[in-house]
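J.: First, the structure itself, so that you have it in front of you.
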Amino acid sequence: MLLATGCGTSNSANEFGDVSAESAKSLAPDDTASLFSAANLSKAFTVASGILPGTRVESIKVLPGKLFVVADTAKKQYASIVVAANETVHAVVSDAPISTDVAWSALDPTAPAALIATAVQRGAPLSSIRYLIAEASDHGSGTGDVSWIIYVDGPIDHIEADAHGHVTG
């Protein structure tokens, strides 16, 4: 089942136009094309969480131009939501249930910027940042703990962090 829920919602993944997942890799707060910016990611979180009220997150993938969310609806249905940096939305819901542990309120939109800054401090050029993932780190215990992982091209490969982007290892 495909959802169409208001202004900026798309019924086709092709309607994302030129918003590339590999677009601007910027942390600038005024860069409207980059979800690596905390302000833009916060907007994308708001858009995604508003698509299906009561949704809990299974995992999130953040690319510079798109946010991918796998979630569980209040009706215990599987939801896949994509929000582009320009707030265009594509959402699909199915009856296949999943188990989730993360509330939207547990996701810190400043965490990716902090983790990207750490990767850059460790020698990874900003252009080498591929994407970030947020997921439940409580291994099914139900505590709602979140961890972030950044994936980088180069010798670093990936860095893990806590819910706020502080490196854990």
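Here, A, B, ... name the chains of the structure tokens in the order displayed, residue numbers run from 1 inside each chain, and ligands are numbered from 1 in the same displayed order.
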Mind dumping a table of every range 54-124 of chain A residue within 7 Å of range 147-169 of chain A, with the nearest atom pair and its distance in Å to one decimal, using only C-alpha atoms, sorted by chain and rising number, as CSV?

T.:
```
residue,atom,partner,partner_atom,distance
A:Leu107,CA,A:Ala163,CA,6.9
A:Asp108,CA,A:His164,CA,5.9
A:Thr110,CA,A:His164,CA,6.9
A:Ala111,CA,A:Gly165,CA,4.0
A:Pro112,CA,A:Gly165,CA,6.2
A:Ala114,CA,A:Gly165,CA,5.3
A:Leu115,CA,A:Gly165,CA,4.9
```

J.: Set the distance at 12 Å and use only C-alpha atoms: which residues neighbour Gly54 in chain A once local chain neighbours fewer than 3 positions away are removed? I'd like the list as a list in words.

T.: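 Surrounding residues, per the criterion: Ala48, Ser49, Gly50, Ile51, Val57, Ala71, Asp72, Thr73, Ala74, Lys75, Lys76, Gln77, Ala79, Thr100, Val102, Ala103, Trp104 and Ser105 of chain A.
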
J.: Please indicate the distance in Å from CA of Ile129 in chain A to CA of Leu67 in chain A, rounded to one decimal place.

T.: 14.9 Å

J.: Quick one, how far is CA of Ala119 in chain A from CA of Thr88 in chain A?

T.: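 Result for CA of Ala119 in chain A versus CA of Thr88 in chain A: 28.9 Å, one decimal.
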
J.: Under the rule that only C-alpha atoms are counted, which of A:Phe36, A:Tyr131, A:Tyr78, A:Phe68 is the nearest residue to Pro109 in chain A?

T.: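 Among A:Phe36, A:Tyr131, A:Tyr78, A:Phe68, it is A:Phe36 that comes nearest to Pro109 in chain A.
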
J.: As a list in words, please: the residues near Val146 in chain A (cut-off 6 Å, only C-alpha atoms, same-chain neighbours under 4 positions excluded).

T.: Glu135, Ala136, Ser137 and Ala163 of chain A

J.: Given the selection you just returned, output its residues as a file containing C-alpha atoms, formatted as a PDB file, in the first residue's frame.

T.:
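Result file selection_13.pdb:
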```pdb
ATOM      1  CA  GLU A 135      19.556   1.778  14.946  1.00  0.00           C
ATOM      2  CA  ALA A 136      18.465   0.280  18.219  1.00  0.00           C
ATOM      3  CA  SER A 137      21.543  -0.688  20.195  1.00  0.00           C
ATOM      4  CA  ALA A 163      22.895   8.311  20.537  1.00  0.00           C
TER       5      ALA A 163
END
```

J.: Report the distance between CA of Leu41 in chain A and CA of Val62 in chain A in Å, rounded to one decimal place.

T.: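 Pair CA of Leu41 in chain A / CA of Val62 in chain A returns 8.4 Å.
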
J.: Could you name the residues that touch Ile81 in chain A at 6 Å or less, counting only C-alpha atoms, but leaving out those on the same chain fewer than 3 positions away, as a ChimeraX atom specification?

T.: /A:68-69,90-91

J.: Pick the closest to Phe45 in chain A from A:Asp95, A:Glu58, A:Asp31, A:Glu87: which is it, counting only C-alpha atoms?

T.: A:Glu87
